[in-house]
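Single-structure report; data block below.
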Amino acid sequence: MIQGMGLDLVQVCAPVTCVLSEWRCDGQVSRIRATFLRYGDRFLRRAYHKKEAEYLRSCLNRGNQEAGFHHLASRWAVKEATYKAFGNWRIDFREIRVDSQGRVPKLILEGAAAEKAEELKLAGKHVSISHDGDYAIAHVILEGPGS
């Protein structure tokens, strides 16, 4: 039985160039990228798991901004979709992350989010992530007991 389902679409958008280690924007910028450009690490600390923030920093350090911002946007979509799937329960975005070490992404909940999942007796958590051009989309399904 499906306990909850959520879907979210995030625009990644135009490239950003780095000028003398200060971020400068060229063209239209998505909400996620614009928020990072404005708040930097403060935004990452408040909305992302430390592993997600480390991945973005490693991409930026290697000069691979597009991969970093696609990752950030797709993870934001996962967080929003998970939040929607939980419905009335408030979930801290930092406690939602994706383990994509294998071929199939795995939704990981930590802290209070994991406790809520246990309280709801979730039988399964499923996530699907896709990218197309300047967009990232995530779909989350939470299976309830008796599934």
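In the structure tokens, each chain is lettered A, B, ... as it comes, each chain's residues begin at 1, and ligands are numbered from 1 in order of appearance.
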Point to revise | strand (DSSP E or B) residues, from DSSP on the backbone, in range 43-136 of chain A, as an MDAnalysis selection string | key: chainID A and resid 96:99 106:109 124:132 135:136
Keeping only all heavy atoms, write the selected residues to a file as a short mmCIF file (atom, residue, chain, number, x, y, z; two decimals), in the first residue's frame.
data_model
loop_
_atom_site.label_atom_id
_atom_site.label_comp_id
_atom_site.auth_asym_id
_atom_site.auth_seq_id
_atom_site.Cartn_x
_atom_site.Cartn_y
_atom_site.Cartn_z
N ILE A 96 17.53 14.08 4.78
CA ILE A 96 17.14 13.35 3.56
C ILE A 96 18.32 13.37 2.60
O ILE A 96 18.85 14.44 2.30
CB ILE A 96 15.94 14.03 2.86
CG1 ILE A 96 14.75 14.15 3.80
CG2 ILE A 96 15.58 13.29 1.58
CD1 ILE A 96 13.67 15.10 3.29
N ARG A 97 18.74 12.20 2.16
CA ARG A 97 19.82 12.16 1.17
C ARG A 97 19.67 10.92 0.31
O ARG A 97 18.85 10.05 0.59
CB ARG A 97 21.20 12.21 1.82
CG ARG A 97 21.58 11.00 2.61
CD ARG A 97 22.97 11.17 3.24
NE ARG A 97 23.34 10.00 4.00
CZ ARG A 97 23.96 8.93 3.50
NH1 ARG A 97 24.28 8.89 2.23
NH2 ARG A 97 24.26 7.90 4.27
N VAL A 98 20.46 10.87 -0.73
CA VAL A 98 20.43 9.74 -1.66
C VAL A 98 21.79 9.08 -1.67
O VAL A 98 22.82 9.76 -1.76
CB VAL A 98 20.07 10.22 -3.10
CG1 VAL A 98 20.20 9.08 -4.09
CG2 VAL A 98 18.68 10.81 -3.12
N ASP A 99 21.79 7.76 -1.56
CA ASP A 99 23.02 7.00 -1.73
C ASP A 99 22.97 6.46 -3.16
O ASP A 99 22.10 5.66 -3.50
CB ASP A 99 23.09 5.86 -0.73
CG ASP A 99 24.34 5.01 -0.89
OD1 ASP A 99 25.17 5.30 -1.77
OD2 ASP A 99 24.49 4.04 -0.12
N LYS A 106 19.28 5.07 -3.69
CA LYS A 106 18.62 4.62 -2.47
C LYS A 106 18.33 5.84 -1.60
O LYS A 106 19.23 6.63 -1.31
CB LYS A 106 19.54 3.64 -1.75
CG LYS A 106 18.95 3.06 -0.50
CD LYS A 106 19.92 2.06 0.13
CE LYS A 106 19.36 1.56 1.44
NZ LYS A 106 20.32 0.68 2.13
N LEU A 107 17.08 5.99 -1.19
CA LEU A 107 16.66 7.09 -0.33
C LEU A 107 17.08 6.78 1.11
O LEU A 107 16.71 5.74 1.65
CB LEU A 107 15.15 7.29 -0.42
CG LEU A 107 14.57 8.44 0.38
CD1 LEU A 107 15.10 9.79 -0.12
CD2 LEU A 107 13.04 8.42 0.28
N ILE A 108 17.85 7.67 1.71
CA ILE A 108 18.34 7.51 3.08
C ILE A 108 17.70 8.58 3.95
O ILE A 108 17.77 9.77 3.61
CB ILE A 108 19.88 7.65 3.16
CG1 ILE A 108 20.58 6.73 2.16
CG2 ILE A 108 20.36 7.45 4.57
CD1 ILE A 108 20.49 5.27 2.47
N LEU A 109 17.11 8.16 5.06
CA LEU A 109 16.55 9.09 6.05
C LEU A 109 17.36 8.95 7.33
O LEU A 109 17.69 7.84 7.73
CB LEU A 109 15.08 8.78 6.32
CG LEU A 109 14.15 8.81 5.10
CD1 LEU A 109 12.75 8.37 5.50
CD2 LEU A 109 14.11 10.20 4.49
N GLY A 124 8.94 0.36 2.72
CA GLY A 124 9.91 0.66 1.67
C GLY A 124 9.91 2.13 1.32
O GLY A 124 8.92 2.84 1.53
N LYS A 125 11.06 2.56 0.82
CA LYS A 125 11.23 3.94 0.35
C LYS A 125 11.87 3.84 -1.03
O LYS A 125 12.91 3.20 -1.19
CB LYS A 125 12.15 4.73 1.29
CG LYS A 125 11.73 4.73 2.74
CD LYS A 125 12.72 5.47 3.62
CE LYS A 125 14.11 4.93 3.64
NZ LYS A 125 14.36 3.72 4.40
N HIS A 126 11.25 4.46 -2.01
CA HIS A 126 11.75 4.38 -3.37
C HIS A 126 11.95 5.77 -3.95
O HIS A 126 11.12 6.66 -3.73
CB HIS A 126 10.76 3.60 -4.25
CG HIS A 126 10.38 2.29 -3.67
ND1 HIS A 126 11.17 1.17 -3.77
CD2 HIS A 126 9.30 1.93 -2.93
CE1 HIS A 126 10.59 0.16 -3.15
NE2 HIS A 126 9.46 0.59 -2.63
N VAL A 127 13.04 5.95 -4.69
CA VAL A 127 13.31 7.23 -5.31
C VAL A 127 13.78 7.00 -6.75
O VAL A 127 14.50 6.05 -7.03
CB VAL A 127 14.36 8.06 -4.52
CG1 VAL A 127 15.70 7.35 -4.47
CG2 VAL A 127 14.52 9.46 -5.10
N SER A 128 13.32 7.87 -7.63
CA SER A 128 13.77 7.87 -9.01
C SER A 128 14.18 9.30 -9.33
O SER A 128 13.45 10.25 -9.00
CB SER A 128 12.65 7.41 -9.94
OG SER A 128 13.08 7.46 -11.28
N ILE A 129 15.35 9.45 -9.96
CA ILE A 129 15.87 10.77 -10.30
C ILE A 129 16.21 10.77 -11.79
O ILE A 129 16.78 9.81 -12.30
CB ILE A 129 17.16 11.09 -9.51
CG1 ILE A 129 16.94 10.90 -8.03
CG2 ILE A 129 17.65 12.50 -9.81
CD1 ILE A 129 18.24 10.89 -7.23
N SER A 130 15.87 11.87 -12.46
CA SER A 130 16.21 11.98 -13.86
C SER A 130 16.63 13.41 -14.17
O SER A 130 16.21 14.36 -13.50
CB SER A 130 15.00 11.59 -14.72
OG SER A 130 15.37 11.57 -16.09
N HIS A 131 17.47 13.54 -15.19
CA HIS A 131 17.94 14.85 -15.67
C HIS A 131 17.63 14.95 -17.15
O HIS A 131 17.77 13.98 -17.88
CB HIS A 131 19.46 14.97 -15.51
CG HIS A 131 19.94 14.76 -14.13
ND1 HIS A 131 20.14 15.79 -13.25
CD2 HIS A 131 20.28 13.64 -13.46
CE1 HIS A 131 20.58 15.32 -12.10
NE2 HIS A 131 20.67 14.01 -12.20
N ASP A 132 17.24 16.13 -17.57
CA ASP A 132 17.06 16.40 -18.99
C ASP A 132 17.39 17.86 -19.23
O ASP A 132 16.65 18.74 -18.75
CB ASP A 132 15.64 16.08 -19.45
CG ASP A 132 15.50 16.18 -20.97
OD1 ASP A 132 16.53 16.28 -21.67
OD2 ASP A 132 14.35 16.15 -21.45
N TYR A 135 16.93 20.57 -16.43
CA TYR A 135 15.96 20.17 -15.42
C TYR A 135 16.36 18.88 -14.74
O TYR A 135 16.93 17.98 -15.35
CB TYR A 135 14.57 20.01 -16.04
CG TYR A 135 14.01 21.31 -16.52
CD1 TYR A 135 14.22 21.74 -17.82
CD2 TYR A 135 13.30 22.13 -15.65
CE1 TYR A 135 13.72 22.96 -18.26
CE2 TYR A 135 12.80 23.35 -16.08
CZ TYR A 135 13.01 23.76 -17.38
OH TYR A 135 12.54 24.97 -17.81
N ALA A 136 16.02 18.80 -13.46
CA ALA A 136 16.17 17.58 -12.68
C ALA A 136 14.81 17.28 -12.06
O ALA A 136 14.11 18.20 -11.61
CB ALA A 136 17.22 17.76 -11.59
#
Practice item. Work out how far apart CA of Ala81 in chain A and CA of Pro105 in chain A are and give it in Å to one decimal. Key: 14.3 Å
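The shell of residues at most 9 Å from Val12 in chain A, with only C-alpha atoms counted and near chain neighbours (fewer than 2 positions) removed, consists of Val10, Ala14, Pro15, Val29, Ser30, Arg31, Ile32, Arg33, Glu66, Phe69, His70, Leu72, Ala73, Ser74, Gly133, Asp134, Tyr135 and Ala136 of chain A.
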For the residues in that selection, give me C-alpha atoms as a short mmCIF file (atom, residue, chain, number, x, y, z; two decimals), in the first residue's frame.
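Output saved as part23.cif:
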data_model
loop_
_atom_site.label_atom_id
_atom_site.label_comp_id
_atom_site.auth_asym_id
_atom_site.auth_seq_id
_atom_site.Cartn_x
_atom_site.Cartn_y
_atom_site.Cartn_z
CA VAL A 10 13.92 21.73 -10.40
CA ALA A 14 22.39 28.85 -17.14
CA PRO A 15 26.14 28.38 -16.55
CA VAL A 29 19.86 31.55 -12.95
CA SER A 30 17.67 28.97 -11.24
CA ARG A 31 16.43 29.46 -7.70
CA ILE A 32 18.79 26.77 -6.34
CA ARG A 33 21.88 28.21 -8.03
CA GLU A 66 27.62 21.92 -14.17
CA PHE A 69 24.77 22.20 -9.74
CA HIS A 70 22.95 19.33 -11.46
CA LEU A 72 22.47 20.03 -6.07
CA ALA A 73 19.27 20.51 -8.09
CA SER A 74 18.49 16.79 -8.26
CA GLY A 133 18.90 19.47 -20.15
CA ASP A 134 18.42 22.16 -17.54
CA TYR A 135 15.96 20.17 -15.42
CA ALA A 136 16.17 17.58 -12.68
#
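The coordinates place CA of Leu9 in chain A at 13.1 Å from CA of His71 in chain A.
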Tell me, as a PDB file with all heavy atoms, in the first residue's frame, which residues lie within 6 Å of Phe93 in chain A, counting only C-alpha atoms; anything in the same chain fewer than 2 positions away does not count.
ATOM      1  N   ALA A  47      20.333  23.290   4.295  1.00  0.00           N
ATOM      2  CA  ALA A  47      19.417  22.523   3.453  1.00  0.00           C
ATOM      3  C   ALA A  47      19.946  21.171   2.985  1.00  0.00           C
ATOM      4  O   ALA A  47      19.162  20.336   2.542  1.00  0.00           O
ATOM      5  CB  ALA A  47      19.027  23.355   2.228  1.00  0.00           C
ATOM      6  N   LYS A  79      14.562  15.996  -2.009  1.00  0.00           N
ATOM      7  CA  LYS A  79      14.124  16.495  -0.704  1.00  0.00           C
ATOM      8  C   LYS A  79      12.682  16.989  -0.763  1.00  0.00           C
ATOM      9  O   LYS A  79      11.867  16.682   0.107  1.00  0.00           O
ATOM     10  CB  LYS A  79      15.063  17.608  -0.230  1.00  0.00           C
ATOM     11  CG  LYS A  79      16.460  17.099   0.100  1.00  0.00           C
ATOM     12  CD  LYS A  79      17.433  18.246   0.255  1.00  0.00           C
ATOM     13  CE  LYS A  79      18.852  17.757   0.427  1.00  0.00           C
ATOM     14  NZ  LYS A  79      19.066  16.869   1.545  1.00  0.00           N
ATOM     15  N   GLU A  95      18.191  15.788   6.722  1.00  0.00           N
ATOM     16  CA  GLU A  95      18.064  14.381   7.116  1.00  0.00           C
ATOM     17  C   GLU A  95      17.615  13.492   5.955  1.00  0.00           C
ATOM     18  O   GLU A  95      17.349  12.317   6.134  1.00  0.00           O
ATOM     19  CB  GLU A  95      17.086  14.264   8.284  1.00  0.00           C
ATOM     20  CG  GLU A  95      17.595  14.967   9.526  1.00  0.00           C
ATOM     21  CD  GLU A  95      16.606  14.928  10.670  1.00  0.00           C
ATOM     22  OE1 GLU A  95      15.400  14.670  10.441  1.00  0.00           O
ATOM     23  OE2 GLU A  95      17.039  15.176  11.798  1.00  0.00           O
ATOM     24  N   ILE A  96      17.529  14.085   4.775  1.00  0.00           N
ATOM     25  CA  ILE A  96      17.136  13.348   3.564  1.00  0.00           C
ATOM     26  C   ILE A  96      18.319  13.374   2.602  1.00  0.00           C
ATOM     27  O   ILE A  96      18.846  14.435   2.298  1.00  0.00           O
ATOM     28  CB  ILE A  96      15.939  14.028   2.864  1.00  0.00           C
ATOM     29  CG1 ILE A  96      14.745  14.148   3.804  1.00  0.00           C
ATOM     30  CG2 ILE A  96      15.578  13.287   1.580  1.00  0.00           C
ATOM     31  CD1 ILE A  96      13.673  15.099   3.295  1.00  0.00           C
TER      32      ILE A  96
END
Give me the range 76-125 of chain A side of the contact with range 138-145 of chain A, cut-off 8 Å, one line per residue showing its nearest atom pair and distance in Å at one decimal, counting only C-alpha atoms, sorted by chain and residue number, as JSON lines.
{"residue": "A:Ala77", "atom": "CA", "partner": "A:Ala138", "partner_atom": "CA", "distance": 5.3}
{"residue": "A:Val78", "atom": "CA", "partner": "A:Ala138", "partner_atom": "CA", "distance": 5.2}
{"residue": "A:Ala81", "atom": "CA", "partner": "A:Val140", "partner_atom": "CA", "distance": 5.7}
{"residue": "A:Thr82", "atom": "CA", "partner": "A:Val140", "partner_atom": "CA", "distance": 5.8}
{"residue": "A:Ala85", "atom": "CA", "partner": "A:Val140", "partner_atom": "CA", "distance": 6.6}
{"residue": "A:Phe86", "atom": "CA", "partner": "A:Leu142", "partner_atom": "CA", "distance": 7.8}
{"residue": "A:Leu120", "atom": "CA", "partner": "A:Gly144", "partner_atom": "CA", "distance": 7.2}
{"residue": "A:Lys121", "atom": "CA", "partner": "A:Pro145", "partner_atom": "CA", "distance": 5.7}
{"residue": "A:Leu122", "atom": "CA", "partner": "A:Gly144", "partner_atom": "CA", "distance": 4.7}
{"residue": "A:Ala123", "atom": "CA", "partner": "A:Glu143", "partner_atom": "CA", "distance": 5.3}
{"residue": "A:Gly124", "atom": "CA", "partner": "A:Glu143", "partner_atom": "CA", "distance": 4.9}
{"residue": "A:Lys125", "atom": "CA", "partner": "A:Leu142", "partner_atom": "CA", "distance": 4.8}
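Distance-wise, CA of Arg62 in chain A and CA of Arg46 in chain A end up 23.8 Å apart.
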Would you kindly return, as a CSV table (one decimal) with C-alpha atoms, in the first residue's frame, each protein, DNA or RNA residue with an atom no farther than 12 Å from any atom of Asp41 in chain A, considering only C-alpha atoms and excluding same-chain residues fewer than 2 positions away?
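What landed in part-v4.csv:
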chain,number,residue,atom,x,y,z
A,35,THR,CA,20.4,30.8,-3.5
A,36,PHE,CA,23.8,29.1,-3.4
A,37,LEU,CA,25.5,32.1,-5.1
A,38,ARG,CA,23.9,34.5,-2.5
A,39,TYR,CA,24.4,32.4,0.7
A,43,PHE,CA,22.6,27.6,2.3
A,44,LEU,CA,24.4,24.2,2.1
A,45,ARG,CA,24.5,23.8,5.9
A,46,ARG,CA,20.9,24.6,6.3
A,47,ALA,CA,19.4,22.5,3.5
A,48,TYR,CA,21.8,19.7,2.5
A,49,HIS,CA,23.4,16.7,4.1
A,50,LYS,CA,27.2,17.2,4.7
A,52,GLU,CA,25.9,16.4,-0.6
A,53,ALA,CA,27.7,19.6,0.3
A,54,GLU,CA,31.1,17.9,0.1
A,56,LEU,CA,29.3,20.0,-4.6
A,57,ARG,CA,32.6,21.5,-3.3
Practice item. Could you pull out the residues in range 49-119 of chain A that DSSP calls alpha helix (DSSP H) from the backbone, as a PyMOL selection string? Key: chain A and resi 50-61+65-86+111-119
